[in-house]
file run-v9.cif (mmCIF, C-alpha atoms)
data_entry
loop_
_atom_site.label_atom_id
_atom_site.label_comp_id
_atom_site.auth_asym_id
_atom_site.auth_seq_id
_atom_site.Cartn_x
_atom_site.Cartn_y
_atom_site.Cartn_z
CA MET A 1 -14.95 -24.39 -40.77
CA SER A 2 -14.52 -20.74 -39.96
CA HIS A 3 -14.78 -19.33 -36.49
CA SER A 4 -16.02 -15.81 -36.06
CA GLN A 5 -15.18 -13.92 -32.94
CA THR A 6 -18.00 -11.97 -31.44
CA PRO A 7 -16.99 -8.89 -29.50
CA ILE A 8 -17.25 -9.26 -25.74
CA HIS A 9 -19.35 -6.62 -24.08
CA HIS A 10 -18.06 -5.46 -20.69
CA PRO A 11 -20.62 -3.39 -18.83
CA GLU A 12 -19.40 -0.14 -17.33
CA LEU A 13 -19.62 -0.11 -13.54
CA ALA A 14 -20.54 2.92 -11.52
CA ILE A 15 -18.05 4.06 -8.85
CA HIS A 16 -20.24 2.72 -6.04
CA GLU A 17 -20.35 -0.73 -7.74
CA ARG A 18 -16.57 -1.10 -7.82
CA GLN A 19 -14.40 -2.56 -5.09
CA PRO A 20 -10.68 -2.03 -4.50
CA CYS A 21 -8.23 -4.72 -5.58
CA GLU A 22 -5.97 -5.80 -2.72
CA VAL A 23 -2.41 -6.56 -3.85
CA TRP A 24 -0.36 -9.06 -1.83
CA THR A 25 3.34 -9.79 -2.10
CA ARG A 26 5.77 -12.27 -0.54
CA VAL A 27 8.06 -10.76 2.07
CA MET A 28 10.63 -12.82 3.99
CA GLY A 29 8.85 -16.11 3.30
CA TYR A 30 5.27 -15.06 4.02
CA HIS A 31 2.58 -13.08 2.21
CA ARG A 32 1.40 -9.59 3.23
CA PRO A 33 -0.94 -7.05 1.69
CA VAL A 34 0.95 -4.11 0.19
CA ALA A 35 -1.54 -1.73 1.85
CA SER A 36 -0.07 -2.68 5.25
CA PHE A 37 3.44 -1.53 4.22
CA ASN A 38 4.83 1.75 5.50
CA ILE A 39 5.26 4.58 2.99
CA GLY A 40 8.90 3.72 2.24
CA LYS A 41 8.22 0.04 1.59
CA GLN A 42 5.23 0.94 -0.61
CA GLY A 43 7.58 3.12 -2.67
CA GLU A 44 10.07 0.26 -3.01
CA HIS A 45 7.26 -2.05 -4.11
CA ALA A 46 6.15 0.47 -6.76
CA GLU A 47 9.70 0.62 -8.18
CA ARG A 48 10.07 -3.15 -8.60
CA LEU A 49 10.61 -4.55 -12.08
CA ASN A 50 8.97 -7.76 -13.26
CA PHE A 51 11.25 -10.54 -14.48
CA VAL A 52 10.28 -12.06 -17.82
CA ALA A 53 12.05 -15.19 -19.06
CA THR A 54 12.05 -14.97 -22.86
CA ASP A 55 13.31 -18.47 -23.61
CA CYS A 56 12.90 -20.91 -20.74
CA ALA A 57 14.58 -23.77 -22.62
CA MET A 58 17.70 -21.66 -23.14
CA VAL A 59 17.76 -20.65 -19.47
CA THR A 60 17.37 -24.27 -18.34
CA GLU A 61 20.14 -25.47 -20.67
CA ASP A 62 22.49 -22.69 -19.53
CA LEU A 63 21.87 -23.56 -15.88
CA ALA A 64 22.50 -27.25 -16.49
CA GLU A 65 25.73 -26.46 -18.33
CA ALA A 66 26.87 -24.04 -15.62
CA SER A 67 26.15 -26.54 -12.84
CA GLN A 68 28.36 -29.14 -14.58
CA GLN A 69 31.23 -26.66 -14.62
CA LEU A 70 31.11 -25.99 -10.88
CA PRO A 71 33.73 -27.76 -8.76
CA ALA A 72 32.37 -30.40 -6.41
CA CYS A 73 32.12 -29.41 -2.73
CA ALA A 74 34.20 -31.49 -0.33
#
call {"tool": "encode", "arguments": {"input": "run-v9.cif", "output": "structure tokens"}}
result
Amino acid sequence: MSHSQTPIHHPELAIHERQPCEVWTRVMGYHRPVASFNIGKQGEHAERLNFVATDCAMVTEDLAEASQQLPACA
């Protein structure tokens, strides 16, 4: 059985039909919209890098191994 993919048609919206996307971020344990940040904090937010875990199994194994090597707290 072969599956053919039909192209998805996305209609173009006029400027007046669009709405802004509000971006929120977590700051000090609670969520805030980025638009409410001052100009300096907005700049810091723009410079952030996204973390991407390439191999979660490897990361989990490394953490488990590292935690076994830590000395026990008294």
call {"tool": "axis_aligned_box", "arguments": {"input": "run-v9.cif", "around": "stretch 32-44 of chain A", "padding_each_side": "5 Å", "output": "AutoDock Vina command-line options"}}
result
--center_x 4.3 --center_y -2.5 --center_z 1.2 --size_x 21.6 --size_y 24.2 --size_z 18.5
call {"tool": "resolve_selection", "arguments": {"input": "run-v9.cif", "expression": "the PyMOL selection byres ((chain A and resi 45) around 12)", "output": "list of chain:residue names"}}
result
A:Val23, A:Trp24, A:Thr25, A:Arg26, A:Val27, A:Pro33, A:Val34, A:Ala35, A:Ser36, A:Phe37, A:Asn38, A:Ile39, A:Gly40, A:Lys41, A:Gln42, A:Gly43, A:Glu44, A:Ala46, A:Glu47, A:Arg48, A:Leu49, A:Asn50
call {"tool": "atom_distance", "arguments": {"input": "run-v9.cif", "atom1": "atom CA of A:Phe51", "atom2": "atom CA of A:Arg32"}}
result
20.3 Å
call {"tool": "atom_distance", "arguments": {"input": "run-v9.cif", "atom1": "atom CA of A:Ala53", "atom2": "atom CA of A:Tyr30"}}
result
24.1 Å
call {"tool": "atom_distance", "arguments": {"input": "run-v9.cif", "atom1": "atom CA of A:Glu17", "atom2": "atom CA of A:His31"}}
result
27.9 Å
call {"tool": "build_atoms", "arguments": {"input": "run-v9.cif", "residues": "stretch 30-52 of chain A", "atoms": "N, CA and C atoms", "output": "compact mmCIF listing (two decimals), keeping the file's coordinate frame"}}
result
# COMPACT_ATOMS: atom_id res chain seq x y z
N TYR A 30 6.71 -15.04 3.78
CA TYR A 30 5.27 -15.06 4.02
C TYR A 30 4.62 -13.96 3.20
N HIS A 31 3.31 -14.03 3.06
CA HIS A 31 2.58 -13.08 2.21
C HIS A 31 1.93 -12.00 3.05
N ARG A 32 2.00 -10.75 2.55
CA ARG A 32 1.40 -9.59 3.23
C ARG A 32 0.73 -8.70 2.21
N PRO A 33 -0.35 -8.03 2.61
CA PRO A 33 -0.94 -7.05 1.69
C PRO A 33 -0.05 -5.81 1.61
N VAL A 34 0.11 -5.28 0.41
CA VAL A 34 0.95 -4.11 0.19
C VAL A 34 0.39 -2.91 0.95
N ALA A 35 -0.92 -2.86 1.15
CA ALA A 35 -1.54 -1.73 1.85
C ALA A 35 -1.05 -1.62 3.29
N SER A 36 -0.55 -2.73 3.87
CA SER A 36 -0.07 -2.68 5.25
C SER A 36 1.39 -2.22 5.35
N PHE A 37 2.06 -2.01 4.21
CA PHE A 37 3.44 -1.53 4.22
C PHE A 37 3.49 -0.08 4.66
N ASN A 38 4.64 0.32 5.23
CA ASN A 38 4.83 1.75 5.50
C ASN A 38 5.12 2.47 4.18
N ILE A 39 5.16 3.78 4.21
CA ILE A 39 5.26 4.58 2.99
C ILE A 39 6.55 4.29 2.22
N GLY A 40 7.64 4.02 2.91
CA GLY A 40 8.90 3.72 2.24
C GLY A 40 8.86 2.38 1.53
N LYS A 41 8.31 1.37 2.19
CA LYS A 41 8.22 0.04 1.59
C LYS A 41 7.23 0.03 0.42
N GLN A 42 6.16 0.83 0.51
CA GLN A 42 5.23 0.94 -0.61
C GLN A 42 5.93 1.55 -1.82
N GLY A 43 6.81 2.52 -1.58
CA GLY A 43 7.58 3.12 -2.67
C GLY A 43 8.52 2.13 -3.30
N GLU A 44 9.18 1.30 -2.48
CA GLU A 44 10.07 0.26 -3.01
C GLU A 44 9.27 -0.73 -3.86
N HIS A 45 8.09 -1.11 -3.37
CA HIS A 45 7.26 -2.05 -4.11
C HIS A 45 6.86 -1.47 -5.47
N ALA A 46 6.55 -0.18 -5.51
CA ALA A 46 6.15 0.47 -6.76
C ALA A 46 7.29 0.52 -7.77
N GLU A 47 8.54 0.53 -7.29
CA GLU A 47 9.70 0.62 -8.18
C GLU A 47 10.19 -0.73 -8.68
N ARG A 48 9.62 -1.82 -8.19
CA ARG A 48 10.07 -3.15 -8.60
C ARG A 48 9.84 -3.38 -10.08
N LEU A 49 10.73 -4.16 -10.68
CA LEU A 49 10.61 -4.55 -12.08
C LEU A 49 10.21 -6.02 -12.13
N ASN A 50 9.36 -6.38 -13.08
CA ASN A 50 8.97 -7.76 -13.26
C ASN A 50 10.00 -8.48 -14.11
N PHE A 51 10.33 -9.71 -13.73
CA PHE A 51 11.25 -10.54 -14.48
C PHE A 51 10.46 -11.32 -15.51
N VAL A 52 10.94 -11.31 -16.75
CA VAL A 52 10.28 -12.06 -17.82
C VAL A 52 11.34 -12.94 -18.48
